[in-house]
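Scroll down for the structure; my scribbles are underneath it.
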Amino acid sequence: SLVRYNNPILVASSKGKKADAKGGAPKAPAAVSQTEDILNSILPPREWTEDGQLWVQYVSSTPATRLDVINLQEELDRKLQQRQARETGICPVREELYSQTFDELIRQVTINCAERGLLLLRVRDEIRMTISAYQTLYESSVAFGMRKALQAEQGKSDMENRIVQLEAEKKDLERQIQDLKAKCEAIEKRESERRQLEEKKHAEEVQFLKRTNAQLKQQLESILAPTQAAAPKK
């Protein structure tokens with residue numbers, strides 16, 4: 001961790017005996033004790049169990065020098081390169097290392113001015129809450145996008161099936177149109193032939209009637225001609 005901690009302290013052994021965390025050291029002044037309490041509230045001590053023994057490690061209350069800040073920056077750059085953190089975009093490794101660096105800066109500031117450290121703590125918590133809100137929003141938008149993509153994919157499949165169905169219906173309708181066109185052409189041809197036959201028959205009947213009329217007229221004239229010749233003259 002980039003946060004500076006004191007040496008680990010044995011709290012309880014495997015036999016259940018509690019060790020003295022203070023180690024018999026003389027009590028610190030009230031101001032130092034208050035600073036340590038604030039530091040422990042901002043950066044809680046780390047606890048772990050190893051070989052049945054409970055260890056605790058408190059954050060260091062030693063003031064930082066200019067050299068410590070330079071070393072912190074170099075250590076940050078080294079760990080960023082060592083853990084192959086991405087320079088841009090979302091990177092959990094880079095976020096973790098910068099969070100540890102900010103905690104270390106809060107520790108250094110709190111030792112010199114507790115009020116300033118508490119204000120930085122509020123800023124840190126607000127930043128974390130904002131990042132958490134953005135992360136929740138991002139995850140929600142990703143889930144929404146995935147749902148929309150699945151719906152679009154499903155809709156695309158349904159649309160493709162609908163297109164195939166409509167194309168089949170179109171081909172069937174085109175076939176029906178061709179059949180109806182063929183029937184219409186056959187009916188028109190048949191009606192045209194029938195009309196031509198009727199016109200020809202009508203013309204023949206007219207010619208027959210004209211010939212018959214001419215013959216009857218000639219017969220009538222031949223009958224009436226002798227009668228008119230035999231009539232007496234006055």
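We name chains A, B, ... following the order of the structure tokens; residues begin at 1 in each chain, and ligands are numbered from 1 as shown.
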Please identify all polymer residues within 12 Å of Asp77 (chain A), counting only C-alpha atoms, omitting same-chain residues fewer than 4 positions from it, and present them as a short mmCIF file (atom, residue, chain, number, x, y, z; two decimals) with C-alpha atoms, in the first residue's frame.
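Output saved as result31.cif:
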data_model
loop_
_atom_site.label_atom_id
_atom_site.label_comp_id
_atom_site.auth_asym_id
_atom_site.auth_seq_id
_atom_site.Cartn_x
_atom_site.Cartn_y
_atom_site.Cartn_z
CA LEU A 2 1.10 3.56 -0.70
CA ILE A 70 8.79 12.97 -3.85
CA ASN A 71 9.24 9.32 -2.88
CA LEU A 72 5.45 8.89 -2.87
CA GLN A 73 5.24 10.22 -6.42
CA GLN A 81 4.17 0.77 -14.51
CA GLN A 82 4.70 -2.44 -12.55
CA ARG A 83 1.00 -3.34 -12.46
CA GLN A 84 0.55 -2.22 -16.08
CA ALA A 85 -2.19 0.30 -15.36
CA GLU A 87 -3.21 5.57 -18.89
CA ARG A 94 -5.07 2.96 -11.65
CA LEU A 97 -3.33 3.28 -6.71
CA TYR A 98 -4.53 6.87 -6.97
CA THR A 101 -2.07 8.05 -2.92
#
Rounded to one decimal, what separation in Å do you get between CA of Gln108 (chain A) and CA of Gly89 (chain A)?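 Going from CA of Gln108 (chain A) over to CA of Gly89 (chain A) covers 28.9 Å.
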If you run DSSP over the backbone, which residues in region 25-163 of chain A end up alpha helix (DSSP H)? Put them as a VMD selection string. chain A and resid 30 to 42 66 to 82 92 to 112 114 to 163
Just to be explicit: take each residue in the selection above, keep C-alpha atoms, and write the result as a tab-separated table (two decimals), in the first residue's frame.
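The result, written out as out_30.tsv:
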chain	number	residue	atom	x	y	z
A	30	ALA	CA	-3.15	14.86	24.29
A	31	ALA	CA	-2.74	16.66	20.95
A	32	VAL	CA	-0.82	13.74	19.46
A	33	SER	CA	-3.37	11.27	20.81
A	34	GLN	CA	-6.21	13.30	19.30
A	35	THR	CA	-4.41	13.37	15.93
A	36	GLU	CA	-3.92	9.61	16.09
A	37	ASP	CA	-7.60	9.12	16.87
A	38	ILE	CA	-8.57	11.26	13.87
A	39	LEU	CA	-6.13	9.35	11.68
A	40	ASN	CA	-7.55	6.02	12.84
A	41	SER	CA	-11.08	7.24	12.10
A	42	ILE	CA	-10.06	8.40	8.64
A	66	ARG	CA	9.30	17.08	1.09
A	67	LEU	CA	11.42	14.01	0.34
A	68	ASP	CA	8.55	11.74	1.44
A	69	VAL	CA	6.23	13.41	-1.07
A	70	ILE	CA	8.79	12.97	-3.85
A	71	ASN	CA	9.24	9.32	-2.88
A	72	LEU	CA	5.45	8.89	-2.87
A	73	GLN	CA	5.24	10.22	-6.42
A	74	GLU	CA	8.06	7.96	-7.59
A	75	GLU	CA	6.47	4.95	-5.87
A	76	LEU	CA	3.14	5.75	-7.52
A	77	ASP	CA	4.76	5.90	-10.98
A	78	ARG	CA	6.67	2.69	-10.31
A	79	LYS	CA	3.56	0.77	-9.23
A	80	LEU	CA	1.53	2.12	-12.15
A	81	GLN	CA	4.17	0.77	-14.51
A	82	GLN	CA	4.70	-2.44	-12.55
A	92	PRO	CA	-9.43	-0.48	-11.61
A	93	VAL	CA	-5.68	-0.74	-10.96
A	94	ARG	CA	-5.07	2.96	-11.65
A	95	GLU	CA	-8.11	3.88	-9.57
A	96	GLU	CA	-6.85	1.80	-6.62
A	97	LEU	CA	-3.33	3.28	-6.71
A	98	TYR	CA	-4.53	6.87	-6.97
A	99	SER	CA	-6.99	6.21	-4.13
A	100	GLN	CA	-4.12	4.98	-1.94
A	101	THR	CA	-2.07	8.05	-2.92
A	102	PHE	CA	-4.93	10.36	-1.97
A	103	ASP	CA	-5.31	8.56	1.38
A	104	GLU	CA	-1.59	9.05	2.03
A	105	LEU	CA	-1.90	12.76	1.21
A	106	ILE	CA	-4.86	13.01	3.60
A	107	ARG	CA	-2.71	11.34	6.28
A	108	GLN	CA	0.11	13.81	5.73
A	109	VAL	CA	-2.22	16.82	5.78
A	110	THR	CA	-4.14	15.57	8.85
A	111	ILE	CA	-0.94	15.35	10.90
A	112	ASN	CA	-0.23	19.04	10.27
A	114	ALA	CA	-6.65	17.88	11.51
A	115	GLU	CA	-9.43	20.17	10.24
A	116	ARG	CA	-7.91	20.27	6.77
A	117	GLY	CA	-7.58	16.49	6.81
A	118	LEU	CA	-11.25	16.06	7.76
A	119	LEU	CA	-12.24	18.40	4.94
A	120	LEU	CA	-10.16	16.35	2.50
A	121	LEU	CA	-11.90	13.25	3.88
A	122	ARG	CA	-15.26	14.79	2.95
A	123	VAL	CA	-13.92	15.55	-0.53
A	124	ARG	CA	-12.64	11.96	-0.87
A	125	ASP	CA	-15.95	10.46	0.23
A	126	GLU	CA	-17.88	12.75	-2.13
A	127	ILE	CA	-15.62	11.75	-5.03
A	128	ARG	CA	-16.07	8.07	-4.22
A	129	MET	CA	-19.83	8.49	-3.99
A	130	THR	CA	-19.89	10.32	-7.33
A	131	ILE	CA	-17.74	7.64	-8.96
A	132	SER	CA	-20.00	4.95	-7.51
A	133	ALA	CA	-23.04	6.74	-8.91
A	134	TYR	CA	-21.40	7.01	-12.33
A	135	GLN	CA	-20.44	3.34	-12.14
A	136	THR	CA	-24.02	2.37	-11.30
A	137	LEU	CA	-25.26	4.55	-14.14
A	138	TYR	CA	-22.71	3.01	-16.51
A	139	GLU	CA	-23.67	-0.53	-15.53
A	140	SER	CA	-27.35	0.35	-15.90
A	141	SER	CA	-26.75	1.88	-19.33
A	142	VAL	CA	-24.74	-1.17	-20.40
A	143	ALA	CA	-27.54	-3.48	-19.24
A	144	PHE	CA	-30.08	-1.28	-21.02
A	145	GLY	CA	-27.97	-1.34	-24.17
A	146	MET	CA	-27.66	-5.12	-23.99
A	147	ARG	CA	-31.43	-5.48	-23.61
A	148	LYS	CA	-32.00	-3.16	-26.55
A	149	ALA	CA	-29.42	-5.05	-28.61
A	150	LEU	CA	-31.11	-8.37	-27.81
A	151	GLN	CA	-34.51	-6.92	-28.62
A	152	ALA	CA	-33.14	-5.50	-31.87
A	153	GLU	CA	-31.57	-8.86	-32.71
A	154	GLN	CA	-34.82	-10.64	-31.96
A	155	GLY	CA	-36.74	-8.01	-33.91
A	156	LYS	CA	-34.28	-8.41	-36.77
A	157	SER	CA	-34.87	-12.17	-36.83
A	158	ASP	CA	-38.63	-11.65	-36.77
A	159	MET	CA	-38.34	-9.04	-39.50
A	160	GLU	CA	-36.22	-11.36	-41.64
A	161	ASN	CA	-38.82	-14.11	-41.24
A	162	ARG	CA	-41.53	-11.60	-42.12
A	163	ILE	CA	-39.59	-10.53	-45.20
Nearest to Pro8 (chain A) among A:Pro63, A:Pro45, A:Glu188, A:Trp55, with distances taken over only C-alpha atoms: which residue is it? A:Trp55
Residue neighbourhood Gln57 (chain A), 8 Å, only C-alpha atoms, exclusion window fewer than 3 positions, as a ChimeraX atom specification: /A:5-9,45-47
Please, could you write that set of residues out with all heavy atoms as a PDB file, in the first residue's frame?
ATOM      1  N   TYR A   5       2.128   2.991   7.093  1.00  0.00           N
ATOM      2  CA  TYR A   5       1.642   2.417   8.347  1.00  0.00           C
ATOM      3  C   TYR A   5       2.806   2.178   9.287  1.00  0.00           C
ATOM      4  O   TYR A   5       3.971   2.070   8.863  1.00  0.00           O
ATOM      5  CB  TYR A   5       0.925   1.086   8.096  1.00  0.00           C
ATOM      6  CG  TYR A   5      -0.469   1.229   7.525  1.00  0.00           C
ATOM      7  CD1 TYR A   5      -0.668   1.349   6.149  1.00  0.00           C
ATOM      8  CD2 TYR A   5      -1.577   1.248   8.355  1.00  0.00           C
ATOM      9  CE1 TYR A   5      -1.935   1.488   5.626  1.00  0.00           C
ATOM     10  CE2 TYR A   5      -2.852   1.365   7.833  1.00  0.00           C
ATOM     11  CZ  TYR A   5      -3.028   1.498   6.468  1.00  0.00           C
ATOM     12  OH  TYR A   5      -4.285   1.633   5.960  1.00  0.00           O
ATOM     13  N   ASN A   6       2.508   2.070  10.604  1.00  0.00           N
ATOM     14  CA  ASN A   6       3.504   1.700  11.594  1.00  0.00           C
ATOM     15  C   ASN A   6       3.773   0.209  11.506  1.00  0.00           C
ATOM     16  O   ASN A   6       3.111  -0.522  10.761  1.00  0.00           O
ATOM     17  CB  ASN A   6       3.020   2.065  13.007  1.00  0.00           C
ATOM     18  CG  ASN A   6       2.949   3.574  13.197  1.00  0.00           C
ATOM     19  OD1 ASN A   6       3.762   4.316  12.656  1.00  0.00           O
ATOM     20  ND2 ASN A   6       1.980   4.013  13.993  1.00  0.00           N
ATOM     21  N   ASN A   7       4.739  -0.245  12.283  1.00  0.00           N
ATOM     22  CA  ASN A   7       5.027  -1.673  12.311  1.00  0.00           C
ATOM     23  C   ASN A   7       3.840  -2.443  12.908  1.00  0.00           C
ATOM     24  O   ASN A   7       3.156  -1.939  13.809  1.00  0.00           O
ATOM     25  CB  ASN A   7       6.279  -1.946  13.148  1.00  0.00           C
ATOM     26  CG  ASN A   7       7.528  -1.356  12.502  1.00  0.00           C
ATOM     27  OD1 ASN A   7       7.625  -1.303  11.267  1.00  0.00           O
ATOM     28  ND2 ASN A   7       8.470  -0.922  13.329  1.00  0.00           N
ATOM     29  N   PRO A   8       3.585  -3.652  12.415  1.00  0.00           N
ATOM     30  CA  PRO A   8       2.460  -4.436  12.952  1.00  0.00           C
ATOM     31  C   PRO A   8       2.636  -4.725  14.438  1.00  0.00           C
ATOM     32  O   PRO A   8       3.757  -4.871  14.943  1.00  0.00           O
ATOM     33  CB  PRO A   8       2.498  -5.733  12.122  1.00  0.00           C
ATOM     34  CG  PRO A   8       3.289  -5.392  10.901  1.00  0.00           C
ATOM     35  CD  PRO A   8       4.277  -4.359  11.314  1.00  0.00           C
ATOM     36  N   ILE A   9       1.500  -4.813  15.137  1.00  0.00           N
ATOM     37  CA  ILE A   9       1.494  -5.064  16.577  1.00  0.00           C
ATOM     38  C   ILE A   9       0.702  -6.340  16.833  1.00  0.00           C
ATOM     39  O   ILE A   9      -0.400  -6.530  16.287  1.00  0.00           O
ATOM     40  CB  ILE A   9       0.875  -3.885  17.347  1.00  0.00           C
ATOM     41  CG1 ILE A   9       1.678  -2.608  17.088  1.00  0.00           C
ATOM     42  CG2 ILE A   9       0.799  -4.182  18.839  1.00  0.00           C
ATOM     43  CD1 ILE A   9       1.042  -1.373  17.703  1.00  0.00           C
ATOM     44  N   PRO A  45      -7.283   1.034  11.202  1.00  0.00           N
ATOM     45  CA  PRO A  45      -6.132   0.120  11.239  1.00  0.00           C
ATOM     46  C   PRO A  45      -6.449  -1.201  10.529  1.00  0.00           C
ATOM     47  O   PRO A  45      -7.590  -1.627  10.452  1.00  0.00           O
ATOM     48  CB  PRO A  45      -5.890  -0.091  12.740  1.00  0.00           C
ATOM     49  CG  PRO A  45      -7.191   0.269  13.385  1.00  0.00           C
ATOM     50  CD  PRO A  45      -7.808   1.320  12.539  1.00  0.00           C
ATOM     51  N   ARG A  46      -5.421  -1.808   9.997  1.00  0.00           N
ATOM     52  CA  ARG A  46      -5.567  -3.083   9.293  1.00  0.00           C
ATOM     53  C   ARG A  46      -5.375  -4.229  10.289  1.00  0.00           C
ATOM     54  O   ARG A  46      -4.454  -4.193  11.119  1.00  0.00           O
ATOM     55  CB  ARG A  46      -4.548  -3.191   8.156  1.00  0.00           C
ATOM     56  CG  ARG A  46      -4.730  -2.107   7.103  1.00  0.00           C
ATOM     57  CD  ARG A  46      -3.840  -2.332   5.903  1.00  0.00           C
ATOM     58  NE  ARG A  46      -2.424  -2.268   6.225  1.00  0.00           N
ATOM     59  CZ  ARG A  46      -1.452  -2.331   5.305  1.00  0.00           C
ATOM     60  NH1 ARG A  46      -1.766  -2.443   4.013  1.00  0.00           N
ATOM     61  NH2 ARG A  46      -0.180  -2.264   5.667  1.00  0.00           N
ATOM     62  N   GLU A  47      -6.215  -5.224  10.198  1.00  0.00           N
ATOM     63  CA  GLU A  47      -6.135  -6.392  11.073  1.00  0.00           C
ATOM     64  C   GLU A  47      -6.089  -7.648  10.222  1.00  0.00           C
ATOM     65  O   GLU A  47      -6.773  -7.741   9.204  1.00  0.00           O
ATOM     66  CB  GLU A  47      -7.342  -6.446  12.032  1.00  0.00           C
ATOM     67  CG  GLU A  47      -7.417  -5.280  13.007  1.00  0.00           C
ATOM     68  CD  GLU A  47      -8.606  -5.412  13.956  1.00  0.00           C
ATOM     69  OE1 GLU A  47      -9.348  -6.405  13.815  1.00  0.00           O
ATOM     70  OE2 GLU A  47      -8.791  -4.532  14.809  1.00  0.00           O
TER      71      GLU A  47
END
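For region 12-224 of chain A, backbone-based DSSP assignment of strand (DSSP E or B) covers Ala12, Lys18, Arg46, Glu47, Trp48, Thr49, Glu50, Gln53, Leu54, Trp55, Val56, Gln57 and Val59 of chain A.
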